[in-house]
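J.: See work-v9.pdb below, with PDB, C-alpha atoms and all ligand atoms.
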ATOM      1  CA  MET A 176    -201.401-140.034 -56.083
ATOM      2  CA  GLN A 177    -204.384-137.803 -56.725
ATOM      3  CA  TRP A 178    -206.915-136.758 -54.110
ATOM      4  CA  SER A 179    -210.326-135.222 -54.287
ATOM      5  CA  GLU A 180    -210.679-132.176 -52.054
ATOM      6  CA  ILE A 181    -214.256-131.754 -50.907
ATOM      7  CA  SER A 182    -215.080-128.303 -49.533
ATOM      8  CA  VAL A 183    -218.424-127.638 -47.909
ATOM      9  CA  SER A 184    -219.092-124.024 -46.989
ATOM     10  CA  ILE A 185    -221.978-123.927 -44.565
ATOM     11  CA  ASP A 186    -223.508-121.816 -41.791
ATOM     12  CA  ARG A 187    -221.993-122.581 -38.380
ATOM     13  CA  GLU A 188    -225.013-124.625 -37.256
ATOM     14  CA  GLY A 189    -224.349-127.260 -39.902
ATOM     15  CA  VAL A 190    -220.603-127.619 -39.304
ATOM     16  CA  GLU A 191    -220.709-130.441 -36.800
ATOM     17  CA  ALA A 192    -223.015-132.541 -38.973
ATOM     18  CA  VAL A 193    -220.755-132.076 -42.008
ATOM     19  CA  ALA A 194    -217.570-132.832 -40.053
ATOM     20  CA  ASN A 195    -219.217-135.935 -38.553
ATOM     21  CA  MET A 196    -220.308-137.065 -41.998
ATOM     22  CA  PHE A 197    -216.720-136.752 -43.285
ATOM     23  CA  HIS A 198    -215.380-138.686 -40.307
ATOM     24  CA  GLU A 199    -218.004-141.414 -40.743
ATOM     25  CA  LEU A 200    -217.048-141.773 -44.395
ATOM     26  CA  GLY A 201    -213.398-142.125 -43.390
ATOM     27  CA  ALA A 202    -212.198-138.957 -45.130
ATOM     28  CA  GLY A 203    -208.678-137.890 -44.189
ATOM     29  CA  GLY A 204    -207.506-134.603 -42.743
ATOM     30  CA  VAL A 205    -210.883-133.051 -41.969
ATOM     31  CA  VAL A 206    -210.252-129.367 -41.318
ATOM     32  CA  ILE A 207    -212.610-126.621 -40.271
ATOM     33  CA  GLU A 208    -211.812-123.063 -41.309
ATOM     34  CA  ASP A 209    -214.006-120.850 -39.184
ATOM     35  CA  PRO A 210    -213.288-117.120 -39.552
ATOM     36  CA  GLU A 211    -215.438-116.344 -36.496
ATOM     37  CA  LEU A 212    -213.548-118.802 -34.316
ATOM     38  CA  ILE A 213    -210.218-117.453 -35.512
ATOM     39  CA  ASP A 214    -211.410-113.893 -34.791
ATOM     40  CA  SER A 215    -212.536-114.921 -31.306
ATOM     41  CA  TYR A 216    -209.140-116.448 -30.597
ATOM     42  CA  ARG A 217    -207.468-113.266 -31.836
ATOM     43  CA  ALA A 218    -209.749-111.154 -29.644
ATOM     44  CA  GLY A 219    -208.604-113.243 -26.683
ATOM     45  CA  GLY A 220    -205.034-112.090 -27.232
ATOM     46  CA  TRP A 221    -203.975-115.160 -29.196
ATOM     47  CA  GLU A 222    -201.886-115.005 -32.293
ATOM     48  CA  TYR A 223    -203.231-117.586 -34.613
ATOM     49  CA  GLU A 224    -200.998-117.249 -37.612
ATOM     50  CA  ASP A 225    -200.727-121.036 -37.623
ATOM     51  CA  LEU A 226    -204.420-121.310 -38.519
ATOM     52  CA  PRO A 227    -205.475-121.109 -42.166
ATOM     53  CA  PRO A 228    -205.860-117.409 -42.994
ATOM     54  CA  VAL A 229    -208.677-117.794 -45.517
ATOM     55  CA  GLY A 230    -212.301-118.683 -45.113
ATOM     56  CA  PRO A 231    -215.616-118.172 -46.850
ATOM     57  CA  GLU A 232    -217.164-114.736 -46.651
ATOM     58  CA  ARG A 233    -219.934-116.072 -44.468
ATOM     59  CA  GLY A 234    -220.172-119.358 -42.691
ATOM     60  CA  VAL A 235    -217.527-121.964 -42.180
ATOM     61  CA  MET A 236    -215.521-124.094 -44.598
ATOM     62  CA  VAL A 237    -215.218-127.785 -43.820
ATOM     63  CA  ARG A 238    -212.717-129.619 -46.016
ATOM     64  CA  ALA A 239    -211.824-133.254 -46.359
ATOM     65  CA  TYR A 240    -209.810-135.402 -48.733
ATOM     66  CA  LEU A 241    -210.538-138.730 -50.406
ATOM     67  CA  PRO A 242    -208.203-140.728 -52.634
ATOM     68  CA  VAL A 243    -209.068-140.797 -56.327
ATOM     69  CA  ASP A 244    -209.780-144.500 -56.817
ATOM     70  CA  SER A 245    -212.594-146.772 -57.975
ATOM     71  CA  ARG A 246    -214.644-146.000 -54.831
ATOM     72  CA  LEU A 247    -214.526-142.214 -55.362
ATOM     73  CA  PRO A 248    -217.634-141.693 -57.583
ATOM     74  CA  ALA A 249    -219.861-143.575 -55.131
ATOM     75  CA  ARG A 250    -218.339-141.797 -52.144
ATOM     76  CA  LEU A 251    -218.813-138.351 -53.713
ATOM     77  CA  GLN A 252    -222.404-139.227 -54.526
ATOM     78  CA  GLU A 253    -222.937-140.271 -50.918
ATOM     79  CA  ILE A 254    -221.384-137.015 -49.688
ATOM     80  CA  ARG A 255    -223.623-134.976 -51.990
ATOM     81  CA  ALA A 256    -226.691-136.849 -50.717
ATOM     82  CA  ARG A 257    -225.627-136.480 -47.062
ATOM     83  CA  VAL A 258    -225.005-132.728 -47.458
ATOM     84  CA  ASP A 259    -228.452-132.404 -49.073
ATOM     85  CA  GLN A 260    -229.943-134.265 -46.090
ATOM     86  CA  ILE A 261    -228.188-131.930 -43.643
ATOM     87  CA  LEU A 262    -229.478-128.884 -45.537
ATOM     88  CA  ALA A 263    -232.989-130.356 -45.690
ATOM     89  CA  ALA A 264    -232.941-130.904 -41.921
ATOM     90  CA  LEU A 265    -231.777-127.313 -41.348
ATOM     91  CA  PRO A 266    -233.784-125.463 -44.034
ATOM     92  CA  HIS A 267    -232.915-122.023 -42.641
ATOM     93  CA  ILE A 268    -229.202-122.418 -43.283
ATOM     94  CA  GLU A 269    -227.195-122.211 -46.494
ATOM     95  CA  GLY A 270    -224.493-124.475 -47.777
ATOM     96  CA  LYS A 271    -222.443-125.124 -50.871
ATOM     97  CA  ILE A 272    -220.326-128.087 -51.867
ATOM     98  CA  GLU A 273    -217.292-128.041 -54.182
ATOM     99  CA  PHE A 274    -214.958-130.755 -55.397
ATOM    100  CA  ARG A 275    -211.468-130.321 -56.764
ATOM    101  CA  ARG A 276    -208.702-132.723 -57.727
ATOM    102  CA  VAL A 277    -205.400-132.102 -56.019
ATOM    103  CA  GLU A 278    -202.049-133.815 -56.258
ATOM    104  CA  GLU A 279    -200.905-135.512 -53.081
ATOM    105  CA  GLU A 280    -197.972-133.090 -52.800
ATOM    106  CA  ASP A 281    -200.377-130.125 -52.866
ATOM    107  CA  TRP A 282    -202.514-131.063 -49.918
ATOM    108  CA  ALA A 283    -200.040-133.165 -48.008
ATOM    109  CA  GLY A 284    -197.550-130.320 -48.400
ATOM    110  CA  ALA A 285    -200.060-127.732 -47.257
ATOM    111  CA  TRP A 286    -200.907-129.813 -44.202
ATOM    112  CA  LYS A 287    -197.304-130.456 -43.400
ATOM    113  CA  ARG A 288    -196.707-126.743 -43.112
ATOM    114  CA  TYR A 289    -198.936-126.876 -40.054
ATOM    115  CA  TYR A 290    -198.754-130.453 -38.820
ATOM    116  CA  GLN A 291    -195.705-132.655 -38.879
ATOM    117  CA  THR A 292    -194.539-135.424 -36.610
ATOM    118  CA  THR A 293    -192.600-133.499 -33.989
ATOM    119  CA  LYS A 294    -190.483-134.638 -31.088
ATOM    120  CA  LEU A 295    -190.853-132.392 -28.064
ATOM    121  CA  GLY A 296    -188.914-132.583 -24.857
ATOM    122  CA  LYS A 297    -187.158-135.874 -24.223
ATOM    123  CA  ARG A 298    -189.816-138.500 -24.961
ATOM    124  CA  LEU A 299    -193.001-137.010 -26.403
ATOM    125  CA  VAL A 300    -193.700-137.339 -30.109
ATOM    126  CA  ILE A 301    -196.769-135.615 -31.580
ATOM    127  CA  LYS A 302    -197.851-137.359 -34.750
ATOM    128  CA  PRO A 303    -200.613-136.349 -37.183
ATOM    129  CA  VAL A 304    -202.816-139.344 -37.793
ATOM    130  CA  TRP A 305    -201.899-139.712 -41.467
ATOM    131  CA  GLU A 306    -198.126-139.873 -40.993
ATOM    132  CA  GLU A 307    -196.113-143.049 -40.399
ATOM    133  CA  TYR A 308    -193.671-143.102 -37.507
ATOM    134  CA  SER A 309    -191.700-145.864 -35.796
ATOM    135  CA  PRO A 310    -190.980-144.751 -32.241
ATOM    136  CA  SER A 311    -187.930-145.833 -30.312
ATOM    137  CA  PRO A 312    -188.715-147.789 -27.105
ATOM    138  CA  GLU A 313    -188.468-144.776 -24.790
ATOM    139  CA  GLU A 314    -190.617-142.496 -26.949
ATOM    140  CA  VAL A 315    -194.248-141.722 -26.108
ATOM    141  CA  VAL A 316    -196.401-141.061 -29.176
ATOM    142  CA  VAL A 317    -199.499-138.847 -29.115
ATOM    143  CA  GLU A 318    -201.549-139.258 -32.273
ATOM    144  CA  ILE A 319    -203.703-136.300 -33.301
ATOM    145  CA  ASP A 320    -206.278-135.673 -35.994
ATOM    146  CA  PRO A 321    -206.192-131.894 -35.702
ATOM    147  CA  GLY A 322    -209.044-131.001 -38.000
ATOM    148  CA  MET A 323    -211.695-130.291 -35.455
ATOM    149  CA  ALA A 324    -210.180-128.132 -32.728
ATOM    150  CA  PHE A 325    -207.205-126.140 -31.568
ATOM    151  CA  GLY A 326    -204.262-128.134 -30.298
ATOM    152  CA  THR A 327    -201.808-129.461 -32.841
ATOM    153  CA  GLY A 328    -198.667-129.012 -30.814
ATOM    154  CA  THR A 329    -197.398-126.138 -32.960
ATOM    155  CA  HIS A 330    -198.251-123.212 -30.678
ATOM    156  CA  PRO A 331    -195.490-122.254 -28.194
ATOM    157  CA  SER A 332    -197.937-122.507 -25.257
ATOM    158  CA  THR A 333    -198.929-126.060 -26.226
ATOM    159  CA  VAL A 334    -195.270-126.974 -26.689
ATOM    160  CA  MET A 335    -194.320-125.626 -23.245
ATOM    161  CA  CYS A 336    -197.266-127.458 -21.615
ATOM    162  CA  LEU A 337    -196.223-130.714 -23.272
ATOM    163  CA  GLN A 338    -192.625-130.285 -22.114
ATOM    164  CA  LEU A 339    -193.749-129.507 -18.568
ATOM    165  CA  LEU A 340    -196.142-132.475 -18.522
ATOM    166  CA  GLU A 341    -193.175-134.651 -19.361
ATOM    167  CA  GLU A 342    -191.485-133.359 -16.231
ATOM    168  CA  TYR A 343    -194.439-133.253 -13.853
ATOM    169  CA  VAL A 344    -196.247-136.493 -14.722
ATOM    170  CA  GLY A 345    -194.323-139.165 -12.881
ATOM    171  CA  GLY A 346    -197.015-141.863 -13.085
ATOM    172  CA  GLY A 347    -200.297-142.556 -11.286
ATOM    173  CA  GLU A 348    -201.520-138.943 -10.984
ATOM    174  CA  ARG A 349    -205.023-137.615 -11.473
ATOM    175  CA  VAL A 350    -204.839-134.766 -13.998
ATOM    176  CA  ILE A 351    -207.369-132.190 -15.210
ATOM    177  CA  ASP A 352    -206.832-130.434 -18.568
ATOM    178  CA  VAL A 353    -208.878-127.217 -18.759
ATOM    179  CA  GLY A 354    -209.506-126.024 -22.336
ATOM    180  CA  THR A 355    -208.590-129.368 -23.799
ATOM    181  CA  GLY A 356    -209.192-128.436 -27.489
ATOM    182  CA  SER A 357    -208.063-131.414 -29.551
ATOM    183  CA  GLY A 358    -207.252-133.240 -26.281
ATOM    184  CA  ILE A 359    -203.518-133.077 -26.972
ATOM    185  CA  LEU A 360    -202.464-132.298 -23.382
ATOM    186  CA  ALA A 361    -204.923-134.751 -21.794
ATOM    187  CA  ILE A 362    -203.723-137.501 -24.103
ATOM    188  CA  ALA A 363    -200.061-136.661 -23.450
ATOM    189  CA  ALA A 364    -200.669-136.792 -19.676
ATOM    190  CA  ALA A 365    -202.292-140.227 -19.971
ATOM    191  CA  ARG A 366    -199.624-141.527 -22.335
ATOM    192  CA  LEU A 367    -196.957-140.320 -19.873
ATOM    193  CA  GLY A 368    -198.537-142.441 -17.141
ATOM    194  CA  ALA A 369    -201.298-140.417 -15.428
ATOM    195  CA  ALA A 370    -203.848-142.781 -13.906
ATOM    196  CA  ALA A 371    -206.929-140.703 -14.739
ATOM    197  CA  VAL A 372    -207.349-137.565 -16.811
ATOM    198  CA  ILE A 373    -210.343-135.285 -17.240
ATOM    199  CA  GLY A 374    -210.428-132.953 -20.265
ATOM    200  CA  ILE A 375    -212.829-130.010 -20.149
ATOM    201  CA  ASP A 376    -213.779-127.603 -22.932
ATOM    202  CA  CYS A 377    -216.618-125.128 -23.360
ATOM    203  CA  ASP A 378    -216.816-125.857 -27.103
ATOM    204  CA  PRO A 379    -218.819-129.003 -27.944
ATOM    205  CA  ILE A 380    -216.871-129.450 -31.198
ATOM    206  CA  ALA A 381    -213.622-129.501 -29.198
ATOM    207  CA  VAL A 382    -215.048-132.104 -26.795
ATOM    208  CA  LYS A 383    -216.060-134.282 -29.708
ATOM    209  CA  SER A 384    -212.697-133.885 -31.392
ATOM    210  CA  ALA A 385    -210.850-134.643 -28.148
ATOM    211  CA  ARG A 386    -213.001-137.752 -27.695
ATOM    212  CA  SER A 387    -212.128-139.075 -31.127
ATOM    213  CA  ASN A 388    -208.430-138.353 -30.519
ATOM    214  CA  VAL A 389    -208.602-140.148 -27.163
ATOM    215  CA  GLU A 390    -210.107-143.153 -28.915
ATOM    216  CA  LEU A 391    -207.471-142.952 -31.639
ATOM    217  CA  ASN A 392    -204.806-143.248 -28.935
ATOM    218  CA  GLY A 393    -206.588-146.192 -27.268
ATOM    219  CA  ILE A 394    -206.809-144.551 -23.825
ATOM    220  CA  ALA A 395    -210.551-144.005 -23.446
ATOM    221  CA  ASP A 396    -210.424-146.023 -20.195
ATOM    222  CA  ARG A 397    -208.230-143.356 -18.578
ATOM    223  CA  VAL A 398    -209.345-140.090 -20.167
ATOM    224  CA  SER A 399    -212.843-138.692 -19.771
ATOM    225  CA  LEU A 400    -214.071-135.573 -21.515
ATOM    226  CA  ARG A 401    -216.785-133.155 -20.694
ATOM    227  CA  GLN A 402    -218.201-129.836 -21.759
ATOM    228  CA  GLY A 403    -217.818-127.179 -19.097
ATOM    229  CA  ASP A 404    -216.823-123.650 -18.203
ATOM    230  CA  LEU A 405    -213.313-123.803 -16.694
ATOM    231  CA  LEU A 406    -213.517-125.725 -13.374
ATOM    232  CA  ALA A 407    -217.073-124.608 -12.529
ATOM    233  CA  GLY A 408    -219.017-127.483 -10.986
ATOM    234  CA  VAL A 409    -216.050-129.888 -10.988
ATOM    235  CA  GLN A 410    -216.231-132.184  -7.951
ATOM    236  CA  ASP A 411    -213.069-134.183  -8.675
ATOM    237  CA  THR A 412    -209.648-133.493  -7.227
ATOM    238  CA  ALA A 413    -206.337-133.573  -9.084
ATOM    239  CA  HIS A 414    -202.605-133.817  -8.397
ATOM    240  CA  LEU A 415    -201.939-131.781 -11.531
ATOM    241  CA  ILE A 416    -204.013-129.246 -13.464
ATOM    242  CA  VAL A 417    -202.950-128.057 -16.904
ATOM    243  CA  ALA A 418    -204.689-125.136 -18.602
ATOM    244  CA  ASN A 419    -203.684-123.516 -21.883
ATOM    245  CA  LEU A 420    -206.182-120.649 -22.137
ATOM    246  CA  THR A 421    -205.707-116.853 -22.076
ATOM    247  CA  ALA A 422    -204.459-114.424 -19.420
ATOM    248  CA  ASP A 423    -208.029-113.374 -18.576
ATOM    249  CA  LEU A 424    -209.271-116.959 -18.227
ATOM    250  CA  ILE A 425    -206.241-117.972 -16.133
ATOM    251  CA  LYS A 426    -207.063-115.100 -13.762
ATOM    252  CA  VAL A 427    -210.566-116.541 -13.316
ATOM    253  CA  LEU A 428    -209.181-120.069 -12.995
ATOM    254  CA  ALA A 429    -206.853-118.897 -10.188
ATOM    255  CA  GLY A 430    -209.900-118.519  -7.954
ATOM    256  CA  GLN A 431    -211.186-122.009  -8.832
ATOM    257  CA  LEU A 432    -208.054-124.093  -8.148
ATOM    258  CA  ASP A 433    -209.052-124.543  -4.486
ATOM    259  CA  PRO A 434    -210.164-127.173  -3.430
ATOM    260  CA  ILE A 435    -209.721-129.133  -6.665
ATOM    261  CA  LEU A 436    -205.910-129.062  -6.711
ATOM    262  CA  LEU A 437    -204.691-131.439  -3.999
ATOM    263  CA  PRO A 438    -202.134-130.277  -1.396
ATOM    264  CA  GLY A 439    -198.640-130.461  -2.894
ATOM    265  CA  GLY A 440    -200.087-130.481  -6.431
ATOM    266  CA  GLN A 441    -199.107-128.173  -9.287
ATOM    267  CA  ALA A 442    -200.973-126.217 -11.932
ATOM    268  CA  ILE A 443    -199.358-125.610 -15.331
ATOM    269  CA  LEU A 444    -200.911-122.403 -16.674
ATOM    270  CA  ALA A 445    -200.356-121.249 -20.242
ATOM    271  CA  GLY A 446    -201.647-118.995 -23.001
ATOM    272  CA  ILE A 447    -200.372-115.906 -21.186
ATOM    273  CA  ILE A 448    -198.635-113.210 -23.231
ATOM    274  CA  THR A 449    -195.504-112.024 -21.431
ATOM    275  CA  ALA A 450    -196.885-108.485 -21.160
ATOM    276  CA  ARG A 451    -199.565-109.833 -18.805
ATOM    277  CA  GLN A 452    -197.435-112.201 -16.715
ATOM    278  CA  ALA A 453    -197.222-109.922 -13.637
ATOM    279  CA  GLU A 454    -200.943-109.278 -13.590
ATOM    280  CA  VAL A 455    -201.744-113.014 -13.816
ATOM    281  CA  GLN A 456    -199.217-113.792 -11.078
ATOM    282  CA  ASP A 457    -200.892-111.139  -8.871
ATOM    283  CA  SER A 458    -204.237-112.925  -9.250
ATOM    284  CA  LEU A 459    -202.601-116.251  -8.454
ATOM    285  CA  ARG A 460    -200.868-114.800  -5.396
ATOM    286  CA  GLU A 461    -204.179-113.384  -4.162
ATOM    287  CA  ALA A 462    -205.629-116.888  -4.487
ATOM    288  CA  GLY A 463    -202.707-118.262  -2.422
ATOM    289  CA  TYR A 464    -200.566-119.701  -5.250
ATOM    290  CA  VAL A 465    -196.834-119.143  -5.675
ATOM    291  CA  THR A 466    -194.942-119.521  -8.927
ATOM    292  CA  CYS A 467    -192.358-122.305  -8.810
ATOM    293  CA  GLU A 468    -191.353-121.983 -12.441
ATOM    294  CA  ALA A 469    -191.944-119.578 -15.340
ATOM    295  CA  ARG A 470    -190.967-120.576 -18.861
ATOM    296  CA  THR A 471    -191.000-118.284 -21.865
ATOM    297  CA  GLN A 472    -191.054-118.993 -25.565
ATOM    298  CA  ASP A 473    -191.492-116.188 -28.093
ATOM    299  CA  ASP A 474    -193.996-113.824 -26.435
ATOM    300  CA  TRP A 475    -195.654-116.507 -24.338
ATOM    301  CA  VAL A 476    -195.119-117.457 -20.731
ATOM    302  CA  THR A 477    -196.157-120.654 -18.982
ATOM    303  CA  LEU A 478    -196.320-120.724 -15.185
ATOM    304  CA  VAL A 479    -196.091-123.686 -12.836
ATOM    305  CA  VAL A 480    -197.744-122.754  -9.548
ATOM    306  CA  GLN A 481    -198.493-124.461  -6.273
ATOM    307  CA  LYS A 482    -200.300-123.604  -3.080
ATOM    308  CA  GLU A 483    -198.357-121.425  -0.685
ATOM    309  CA  ARG A 484    -197.569-123.451   2.446
TER     310      ARG A 484
HETATM  311  C1  LIG A 501    -205.685-122.345 -26.856
HETATM  312  S1  LIG A 501    -206.791-123.656 -26.886
HETATM  313  C2  LIG A 501    -205.824-124.936 -26.066
HETATM  314  C3  LIG A 501    -205.994-126.303 -26.692
HETATM  315  C4  LIG A 501    -205.056-127.369 -26.173
HETATM  316  N1  LIG A 501    -205.256-127.635 -24.776
HETATM  317  C5  LIG A 501    -203.600-126.993 -26.407
HETATM  318  O1  LIG A 501    -202.889-126.806 -25.431
HETATM  319  O2  LIG A 501    -203.184-126.874 -27.557
HETATM  320  C6  LIG A 501    -207.933-123.153 -25.653
HETATM  321  C7  LIG A 501    -209.148-124.037 -25.520
HETATM  322  O3  LIG A 501    -209.875-123.572 -24.388
HETATM  323  C8  LIG A 501    -211.243-123.627 -24.672
HETATM  324  N2  LIG A 501    -211.917-122.664 -23.784
HETATM  325  C9  LIG A 501    -212.044-121.322 -23.948
HETATM  326  N3  LIG A 501    -212.747-120.810 -22.924
HETATM  327  C10 LIG A 501    -213.067-121.828 -22.092
HETATM  328  C11 LIG A 501    -213.803-121.939 -20.885
HETATM  329  N4  LIG A 501    -214.333-120.857 -20.293
HETATM  330  N5  LIG A 501    -213.964-123.160 -20.318
HETATM  331  C12 LIG A 501    -213.434-124.262 -20.915
HETATM  332  N6  LIG A 501    -212.738-124.231 -22.075
HETATM  333  C13 LIG A 501    -212.541-123.033 -22.654
HETATM  334  C14 LIG A 501    -211.339-123.309 -26.156
HETATM  335  O4  LIG A 501    -212.545-123.827 -26.703
HETATM  336  C15 LIG A 501    -210.093-123.999 -26.700
HETATM  337  O5  LIG A 501    -210.376-125.314 -27.124
END
Would you encode the structure as structure tokens?
Ligand SMILES: C[S@@+](CC[C@H](N)C(=O)[O-])C[C@H]1O[C@@H](n2cnc3c(N)ncnc32)[C@H](O)[C@@H]1O
T.:
Amino acid sequence: MQWSEISVSIDREGVEAVANMFHELGAGGVVIEDPELIDSYRAGGWEYEDLPPVGPERGVMVRAYLPVDSRLPARLQEIRARVDQILAALPHIEGKIEFRRVEEEDWAGAWKRYYQTTKLGKRLVIKPVWEEYSPSPEEVVVEIDPGMAFGTGTHPSTVMCLQLLEEYVGGGERVIDVGTGSGILAIAAARLGAAAVIGIDCDPIAVKSARSNVELNGIADRVSLRQGDLLAGVQDTAHLIVANLTADLIKVLAGQLDPILLPGGQAILAGIITARQAEVQDSLREAGYVTCEARTQDDWVTLVVQKER
């Protein structure tokens, strides 16, 4: 099957409108290649080799795919008109649209390099939205459209958090996911049986992406999402907090766990390069938290901490 790849390169301000337009038109595999975002992740000590390495010289590339069928000419016309509208509403920004025909194997193959249905731990299965999968009765499927934000389940820190959630969510807990990205950890917690989950992210695009993934998984009644800076201003309490951030942010978060984390509760803290483990644990100890478990994969460590009794 042939697909039409639609690439819009646009200044950052127009990205959300373009991505929304693609989603509204039902385009598959919307992906945002933002060199600035990738640089900011790298500056935070992250290794983002699993993100697309290329991007436009300036601005952001938003790509989507539509099947080549009888509806395509009308849909491309609509996209052209909608991009023109976006540019007319934001006259100070620049944008360019390109179309290209690709064979299914080309784009599906490229995507699969990054996103495949993956079984993690004993029960969790992370499935990109466009793949088919028939789970066995004991499996718990988390469906993700990864285009909009970080969190596909391919990074070691995400993998370790998912595996630990499987162990620490027994059912009925209140969970907070700090730095929710695509919502992958929040959704996994809810699918594993948490009663109520709050996902927080400072990036409005991540919040939007997490919201659409929560809806995709049919758990909007149990997962709420909000924009915020770590746990600042959070009034809720939680039995379990999960945060896949960076060493520096985890050090700040250490001082915010009280009084949100309930007595006897755990925090799963990830995104820490092993070289900085001791320093992060010092900050946690100062805040009164002891490490009950430390897991390492590649150069990344994930800590499970709880309040010192
Ligand atoms: C490494 S991603 C983790 C995504 C997902 N939870 C996962 O495990 O794959 C970190 C996320 O934290 C968010 N973030 C960074 N600084 C933050 C802050 N101060 N407050 C809330 N979220 C933040 C980023 O926008 C990003 O979505």
J.: Just checking: using all atoms listed in the file, which residue out of A:Val353, A:Ile319, A:Val427, A:Val417 ends up closest to Leu400 in chain A?
T.: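 That would be A:Val353, the residue with the smallest distance to Leu400 in chain A.
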J.: Nearest to Leu367 in chain A among A:Asp396, A:Asp244, A:Glu313, A:Glu454, with distances taken over all atoms listed in the file: which residue is it?
T.: A:Glu313
J.: Quick one: which residues end up in the PyMOL selection byres (((chain A and resi 457-465) around 6) and not hetatm) for this structure, as a list in words?
T.: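 When the PyMOL selection byres (((chain A and resi 457-465) around 6) and not hetatm) is applied, the selected residues are Lys426, Ala429, Gly430, Glu454, Val455, Gln456, Thr466, Val480, Gln481, Lys482 and Glu483 of chain A.
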J.: Between range 442-479 of chain A and range 343-346 of chain A, at 12 Å or less, what are the per-residue closest atom pairs and their distances in Å? Count only C-alpha atoms, order by chain and rising residue number, and return it as a Markdown table.
T.:
| residue | atom | partner | partner_atom | distance |
| --- | --- | --- | --- | --- |
| A:Ala442 | CA | A:Tyr343 | CA | 9.8 |
| A:Ile443 | CA | A:Tyr343 | CA | 9.2 |
| A:Glu468 | CA | A:Tyr343 | CA | 11.8 |
| A:Val479 | CA | A:Tyr343 | CA | 9.8 |
J.: Near range 375-379 of chain A, counting only C-alpha atoms, which residues have an atom at most 10 Å away, once you skip same-chain residues fewer than 2 positions from it, shown as a CSV table (one decimal) with C-alpha atoms, keeping the file's coordinate frame?
T.:
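Listing of result-v9.csv after writing:
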chain,number,residue,atom,x,y,z
A,191,GLU,CA,-220.7,-130.4,-36.8
A,324,ALA,CA,-210.2,-128.1,-32.7
A,351,ILE,CA,-207.4,-132.2,-15.2
A,352,ASP,CA,-206.8,-130.4,-18.6
A,353,VAL,CA,-208.9,-127.2,-18.8
A,354,GLY,CA,-209.5,-126.0,-22.3
A,355,THR,CA,-208.6,-129.4,-23.8
A,356,GLY,CA,-209.2,-128.4,-27.5
A,357,SER,CA,-208.1,-131.4,-29.6
A,358,GLY,CA,-207.3,-133.2,-26.3
A,361,ALA,CA,-204.9,-134.8,-21.8
A,372,VAL,CA,-207.3,-137.6,-16.8
A,373,ILE,CA,-210.3,-135.3,-17.2
A,381,ALA,CA,-213.6,-129.5,-29.2
A,382,VAL,CA,-215.0,-132.1,-26.8
A,383,LYS,CA,-216.1,-134.3,-29.7
A,384,SER,CA,-212.7,-133.9,-31.4
A,385,ALA,CA,-210.8,-134.6,-28.1
A,399,SER,CA,-212.8,-138.7,-19.8
A,400,LEU,CA,-214.1,-135.6,-21.5
A,401,ARG,CA,-216.8,-133.2,-20.7
A,402,GLN,CA,-218.2,-129.8,-21.8
A,403,GLY,CA,-217.8,-127.2,-19.1
A,404,ASP,CA,-216.8,-123.6,-18.2
A,405,LEU,CA,-213.3,-123.8,-16.7
A,406,LEU,CA,-213.5,-125.7,-13.4
A,409,VAL,CA,-216.0,-129.9,-11.0
A,418,ALA,CA,-204.7,-125.1,-18.6
J.: Rank nothing, just name the residue among A:Ala192, A:Ala364, A:Leu247, A:Cys467 nearest to ligand LIG 501 (chain A), using only C-alpha atoms and all ligand atoms.
T.: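 Looking at the shortest contact to ligand LIG 501 (chain A), the residue is A:Ala364.
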J.: Given the file shown, enumerate the residues that the PyMOL selection byres (((chain A and resi 450-452) around 10) and not hetatm) captures and present them as a ChimeraX atom specification.
T.: /A:421-423,447-449,453-457,469,474-478
